[in-house]
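model-v7.txt follows; it contains compact mmCIF, C-alpha atoms.
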# COMPACT_ATOMS: atom_id res chain seq x y z
CA MET G 1 0.00 0.00 0.00
CA SER G 2 1.60 3.25 -1.13
CA CYS G 3 1.48 6.35 1.04
CA ASN G 4 -0.28 9.44 -0.31
CA SER G 5 0.11 11.69 2.74
CA ILE G 6 2.36 14.59 3.64
CA ILE G 7 3.38 14.17 7.28
CA THR G 8 4.63 17.17 9.25
CA ILE G 9 6.41 16.69 12.58
CA GLY G 10 6.69 19.30 15.32
CA ARG G 11 8.95 18.21 18.17
CA GLN G 12 10.37 19.11 21.53
CA TYR G 13 14.15 19.20 21.58
CA GLY G 14 15.54 15.84 22.63
CA SER G 15 12.34 13.92 21.88
CA GLY G 16 13.90 12.15 18.90
CA GLY G 17 11.64 13.86 16.37
CA ARG G 18 14.17 13.84 13.56
CA GLU G 19 15.09 10.18 14.05
CA ILE G 20 11.43 9.23 14.25
CA GLY G 21 10.75 11.19 11.06
CA GLU G 22 13.58 9.39 9.27
CA LYS G 23 12.28 5.97 10.33
CA LEU G 24 8.74 6.97 9.36
CA ALA G 25 9.83 8.10 5.90
CA LYS G 26 11.81 4.88 5.40
CA ALA G 27 8.87 2.71 6.47
CA LEU G 28 6.48 4.56 4.17
CA GLU G 29 9.08 4.77 1.37
CA ILE G 30 8.70 8.53 0.93
CA PRO G 31 11.24 11.42 1.01
CA PHE G 32 12.37 12.98 4.30
CA TYR G 33 13.06 16.69 4.86
CA ASP G 34 14.56 18.37 7.92
CA ASN G 35 17.61 20.52 7.22
CA GLU G 36 16.97 19.46 3.63
CA LEU G 37 14.17 22.05 3.67
CA LEU G 38 16.79 24.74 4.16
CA ASP G 39 18.90 23.30 1.34
CA ARG G 40 15.90 23.40 -0.97
CA ALA G 41 14.92 26.94 0.01
CA ALA G 42 18.47 28.15 -0.57
CA LYS G 43 18.70 26.42 -3.94
CA ASP G 44 15.33 27.65 -5.20
CA SER G 45 15.81 31.23 -4.00
CA GLY G 46 19.48 31.70 -4.81
CA LEU G 47 20.13 32.99 -1.28
CA ALA G 48 23.14 31.80 0.72
CA GLN G 49 22.44 28.70 2.79
CA GLU G 50 24.06 30.32 5.83
CA LEU G 51 21.18 32.80 5.94
CA PHE G 52 18.66 30.00 6.38
CA GLU G 53 20.77 28.31 9.03
CA ASN G 54 21.11 31.57 10.98
CA HIS G 55 17.36 32.23 10.85
CA ASP G 56 16.27 28.60 11.31
CA GLU G 57 13.18 28.43 13.56
CA LYS G 58 14.01 31.75 15.21
CA PRO G 59 11.31 34.47 15.51
CA THR G 60 11.86 37.82 13.83
CA ASN G 61 10.79 41.38 14.56
CA SER G 62 6.99 41.57 14.55
CA PHE G 63 6.87 44.63 12.31
CA LEU G 64 9.05 42.94 9.70
CA TYR G 65 6.92 39.83 9.92
CA SER G 66 3.70 41.76 9.32
CA LEU G 67 5.25 43.28 6.20
CA VAL G 68 6.29 39.84 5.00
CA MET G 69 2.80 38.45 5.43
CA ASP G 70 1.22 41.44 3.71
CA THR G 71 3.59 41.00 0.79
CA TYR G 72 3.07 37.25 0.66
CA THR G 73 -0.71 37.46 0.66
CA MET G 74 -0.55 40.08 -2.09
CA GLY G 75 1.08 37.51 -4.32
CA TYR G 76 4.62 38.77 -4.75
CA SER G 77 7.35 36.21 -5.33
CA ALA G 78 10.64 36.12 -3.43
CA ALA G 79 12.42 37.20 -6.62
CA ALA G 80 10.42 40.43 -6.58
CA LEU G 81 11.55 41.32 -3.06
CA SER G 82 15.14 42.24 -3.84
CA GLY G 83 14.93 45.53 -1.95
CA MET G 84 13.46 44.05 1.22
CA PRO G 85 15.23 42.99 4.45
CA ILE G 86 16.79 39.55 4.53
CA ASN G 87 14.22 38.31 7.05
CA HIS G 88 11.53 38.74 4.39
CA LYS G 89 13.48 36.78 1.82
CA VAL G 90 14.37 33.92 4.14
CA PHE G 91 10.82 33.49 5.38
CA LEU G 92 9.25 33.62 1.93
CA ALA G 93 11.83 31.30 0.38
CA GLN G 94 11.32 28.69 3.09
CA PHE G 95 7.52 28.98 2.96
CA ASN G 96 7.56 28.59 -0.83
CA ALA G 97 9.98 25.64 -0.65
CA ILE G 98 7.65 23.79 1.75
CA LYS G 99 4.73 24.19 -0.63
CA LYS G 100 6.79 23.17 -3.66
CA ILE G 101 8.01 20.02 -1.92
CA ALA G 102 4.44 19.16 -0.88
CA ASP G 103 3.25 19.63 -4.46
CA GLU G 104 5.80 17.06 -5.59
CA GLY G 105 4.16 14.30 -3.58
CA PRO G 106 4.06 12.44 -0.24
CA CYS G 107 6.90 13.14 2.21
CA VAL G 108 7.83 13.72 5.84
CA MET G 109 8.78 17.27 6.92
CA VAL G 110 10.21 18.22 10.30
CA GLY G 111 9.63 21.63 11.90
CA ARG G 112 9.63 25.06 10.20
CA CYS G 113 5.84 25.55 10.63
CA ALA G 114 5.28 23.11 7.76
CA ASP G 115 1.92 22.09 9.24
CA TYR G 116 0.77 25.71 9.06
CA ALA G 117 2.15 26.26 5.55
CA LEU G 118 0.25 23.17 4.38
CA GLU G 119 -2.94 23.55 6.42
CA GLU G 120 -5.05 23.72 3.26
CA TYR G 121 -3.63 20.44 1.95
CA PRO G 122 -6.26 17.74 2.64
CA ASN G 123 -3.61 15.00 2.69
CA CYS G 124 -1.46 16.67 5.36
CA ILE G 125 -1.17 14.81 8.68
CA LYS G 126 0.16 16.94 11.54
CA ILE G 127 2.18 15.19 14.29
CA PHE G 128 3.78 16.54 17.48
CA ILE G 129 6.43 14.56 19.36
CA TYR G 130 7.11 15.35 23.01
CA GLY G 131 8.75 13.58 25.93
CA ASP G 132 9.55 13.53 29.61
CA LYS G 133 12.16 16.18 30.33
CA LYS G 134 14.47 13.80 32.22
CA ALA G 135 14.54 11.43 29.25
CA ARG G 136 15.19 14.31 26.87
CA ILE G 137 18.04 15.59 29.01
CA GLN G 138 19.64 12.14 29.00
CA ARG G 139 19.26 11.92 25.24
CA ILE G 140 20.90 15.31 24.63
CA MET G 141 23.69 14.57 27.13
CA LYS G 142 24.54 11.40 25.21
CA ARG G 143 24.07 12.81 21.72
CA ARG G 144 26.03 16.02 22.24
CA ASP G 145 28.34 14.87 25.04
CA LEU G 146 27.09 17.57 27.41
CA SER G 147 26.80 17.81 31.18
CA GLU G 148 23.33 17.52 32.67
CA ALA G 149 23.20 21.27 33.31
CA LYS G 150 24.28 22.13 29.75
CA ALA G 151 21.79 19.66 28.25
CA LYS G 152 18.97 21.11 30.36
CA GLU G 153 19.96 24.62 29.24
CA ALA G 154 20.06 23.58 25.57
CA ILE G 155 16.61 22.00 25.81
CA SER G 156 15.09 25.05 27.48
CA LYS G 157 16.63 27.46 24.97
CA THR G 158 15.74 25.42 21.88
CA ASP G 159 12.17 24.73 22.96
CA LYS G 160 11.64 28.43 23.69
CA GLN G 161 12.95 29.35 20.24
CA ARG G 162 10.78 26.76 18.50
CA ALA G 163 7.70 27.81 20.46
CA SER G 164 8.29 31.51 19.79
CA TYR G 165 8.85 30.88 16.08
CA TYR G 166 5.76 28.70 15.72
CA ASN G 167 3.44 30.88 17.79
CA TYR G 168 4.70 33.94 15.94
CA TYR G 169 4.24 32.73 12.38
CA THR G 170 1.01 30.78 12.86
CA ASN G 171 -2.42 31.29 14.39
CA LYS G 172 -1.85 28.26 16.65
CA ARG G 173 0.15 27.32 19.74
CA TRP G 174 3.29 25.16 19.59
CA GLY G 175 2.76 21.84 21.35
CA GLU G 176 -0.93 22.47 22.06
CA ILE G 177 -3.00 19.41 21.28
CA GLY G 178 -5.53 21.32 19.18
CA SER G 179 -2.81 22.33 16.73
CA TYR G 180 -2.11 18.75 15.62
CA ASP G 181 -3.81 15.54 14.49
CA LEU G 182 -1.71 13.35 16.79
CA CYS G 183 0.55 14.08 19.79
CA ILE G 184 2.85 11.32 21.07
CA ASP G 185 5.16 10.91 24.07
CA SER G 186 8.18 9.25 22.48
CA GLY G 187 9.49 8.29 25.92
CA MET G 188 6.59 5.91 26.40
CA LEU G 189 7.09 3.90 23.21
CA GLY G 190 10.70 4.62 22.28
CA ILE G 191 11.89 5.79 18.86
CA ASP G 192 10.94 2.64 16.96
CA GLY G 193 7.61 2.23 18.76
CA THR G 194 6.64 5.85 18.11
CA ALA G 195 7.53 5.57 14.42
CA SER G 196 5.47 2.36 14.15
CA LEU G 197 2.49 4.01 15.84
CA ILE G 198 2.60 6.90 13.38
CA VAL G 199 2.80 4.49 10.44
CA ASP G 200 -0.36 2.77 11.70
CA TYR G 201 -2.05 6.14 12.20
CA VAL G 202 -1.17 7.25 8.66
CA ARG G 203 -2.49 3.99 7.18
CA GLN G 204 -5.76 4.25 9.14
CA THR G 205 -6.18 7.90 8.18
CA GLU G 206 -5.67 7.14 4.51
CA MET G 207 -8.22 4.30 4.65
CA HIS G 208 -10.83 6.65 6.12
CA ARG G 209 -9.94 9.31 3.56
CA LYS G 210 -10.99 7.07 0.65
Would you mind writing the file out in structure tokens?
Amino acid sequence: MSCNSIITIGRQYGSGGREIGEKLAKALEIPFYDNELLDRAAKDSGLAQELFENHDEKPTNSFLYSLVMDTYTMGYSAAALSGMPINHKVFLAQFNAIKKIADEGPCVMVGRCADYALEEYPNCIKIFIYGDKKARIQRIMKRRDLSEAKAKEAISKTDKQRASYYNYYTNKRWGEIGSYDLCIDSGMLGIDGTASLIVDYVRQTEMHRK
């Protein structure tokens, strides 16, 4: 049974969201995009990749953002925004890249408000991965070879950035159950178990969609 869904994954830092997304994409035999979204946005827009990395999931000035949204809804392309601040260009390029990737077919996308960018896509399934903070601290300590204090600090900082970015650019709340189709505690099932649960959820959703 082939997959015909676009799956977006929001995630707390240290919950294993990227790894789960990779396993999910492999199981469903569809493309996976995390930092690859930034690569695509840079390639399509012609902007330096470092710009996307520096602005990745970080909120911008609210006035600049309102100008971006006004410009976007008026139908201007990123190429027509040569005289605008870099924040405008980065946001628009990434937003456009997400939609282009979705138009190409089923895939898994991690972060970058992809669920919001694709909210009008009927085949988009929105997932949020969270976890017990102690388990996430242990995971980051091991993955990045950090002390417990440094891992705790990294988790707090990254989650705040992701929440601010998401809440800022969308009309929803990061991590709030109403913003997603399915929220899962990866600490309960582990990485493999969580990926398997999402595969089952996607299959069931697609059966009901027919």
Proximity of segment 106-141 of chain G to segment 16-37 of chain G: per-residue shortest pair, 10 Å limit, only C-alpha atoms, as CSV:
residue,atom,partner,partner_atom,distance
G:Pro106,CA,G:Ile30,CA,6.2
G:Cys107,CA,G:Pro31,CA,4.8
G:Val108,CA,G:Phe32,CA,4.9
G:Met109,CA,G:Tyr33,CA,4.8
G:Val110,CA,G:Asp34,CA,5.0
G:Gly111,CA,G:Asp34,CA,7.1
G:Arg112,CA,G:Leu37,CA,8.5
G:Ala114,CA,G:Leu37,CA,9.8
G:Ile127,CA,G:Gly17,CA,9.8
G:Phe128,CA,G:Gly17,CA,8.4
G:Ile129,CA,G:Gly17,CA,6.0
G:Tyr130,CA,G:Gly17,CA,8.2
G:Gly131,CA,G:Gly16,CA,8.8
G:Arg136,CA,G:Gly16,CA,8.4
G:Arg139,CA,G:Gly16,CA,8.3
G:Ile140,CA,G:Gly16,CA,9.6
Checklist entry - Interatomic distance between atom CA of Lys172 of chain G and atom CA of Gly187 of chain G? => result 24.8 Å
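For the residues G:Arg144, G:Arg40, G:Asn54, G:Gly105, ranking by smallest atom-to-atom distance to Ser2 of chain G using only C-alpha atoms places G:Gly105 first.
If you measure from each of G:Leu146, G:Ile191, G:Ala97, G:Leu38 to Asp56 of chain G using all atoms listed in the file, the closest one turns out to be G:Leu38.
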Checklist entry - Looking at all atoms listed in the file, which of G:Arg11, G:Asp192, G:Ala102, G:Leu51 is the one that sits closest to Asn123 of chain G? => result G:Ala102
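Of note, atom CA of Ile86 of chain G and atom CA of Thr8 of chain G are spaced 25.9 Å apart.
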Checklist entry - Using all atoms listed in the file, which of the listed residues (G:Cys3, G:Ala154, G:Leu182, G:Leu118) sits closest to Lys133 of chain G? => result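 That would be G:Ala154, the residue with the smallest distance to Lys133 of chain G.
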Item to check | Nearest-residue call for Tyr180 of chain G, choices G:Lys58, G:Cys113, G:Ser15, G:Gly46, using all atoms listed in the file | outcome: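 Smallest separation from Tyr180 of chain G among the options: G:Cys113.
Counting all atoms listed in the file, the residue from G:Asp103, G:Ile198, G:Arg173, G:Leu47 that sits nearest to Val90 of chain G is G:Leu47.
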Write out as a JSON list (two decimals) with C-alpha atoms, in the coordinates of the input the residues lying within 8 Å of Ala151 of chain G, counting all atoms listed in the file and excluding same-chain residues fewer than 4 positions away.
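Dumped to result.json:
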[["chain", "number", "residue", "atom", "x", "y", "z"],
["G", 137, "ILE", "CA", 18.04, 15.59, 29.01],
["G", 138, "GLN", "CA", 19.64, 12.14, 29.00],
["G", 140, "ILE", "CA", 20.90, 15.31, 24.63],
["G", 141, "MET", "CA", 23.69, 14.57, 27.13],
["G", 146, "LEU", "CA", 27.09, 17.57, 27.41],
["G", 147, "SER", "CA", 26.80, 17.81, 31.18],
["G", 155, "ILE", "CA", 16.61, 22.00, 25.81]]
Checklist entry - What does the distance between atom CA of Tyr169 of chain G and atom CA of Thr194 of chain G come to in Å, to one decimal place? => result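 Separation of atom CA of Tyr169 of chain G and atom CA of Thr194 of chain G: 27.6 Å.
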Can you tell me, as JSON, the centre and edge lengths (Å, one decimal) of the axis-aligned box enclosing all of segment 164-170 of chain G's listed atoms after padding each side by 5 Å?
{"center_x": 4.9, "center_y": 31.3, "center_z": 16.1, "size_x": 17.8, "size_y": 15.2, "size_z": 17.4}
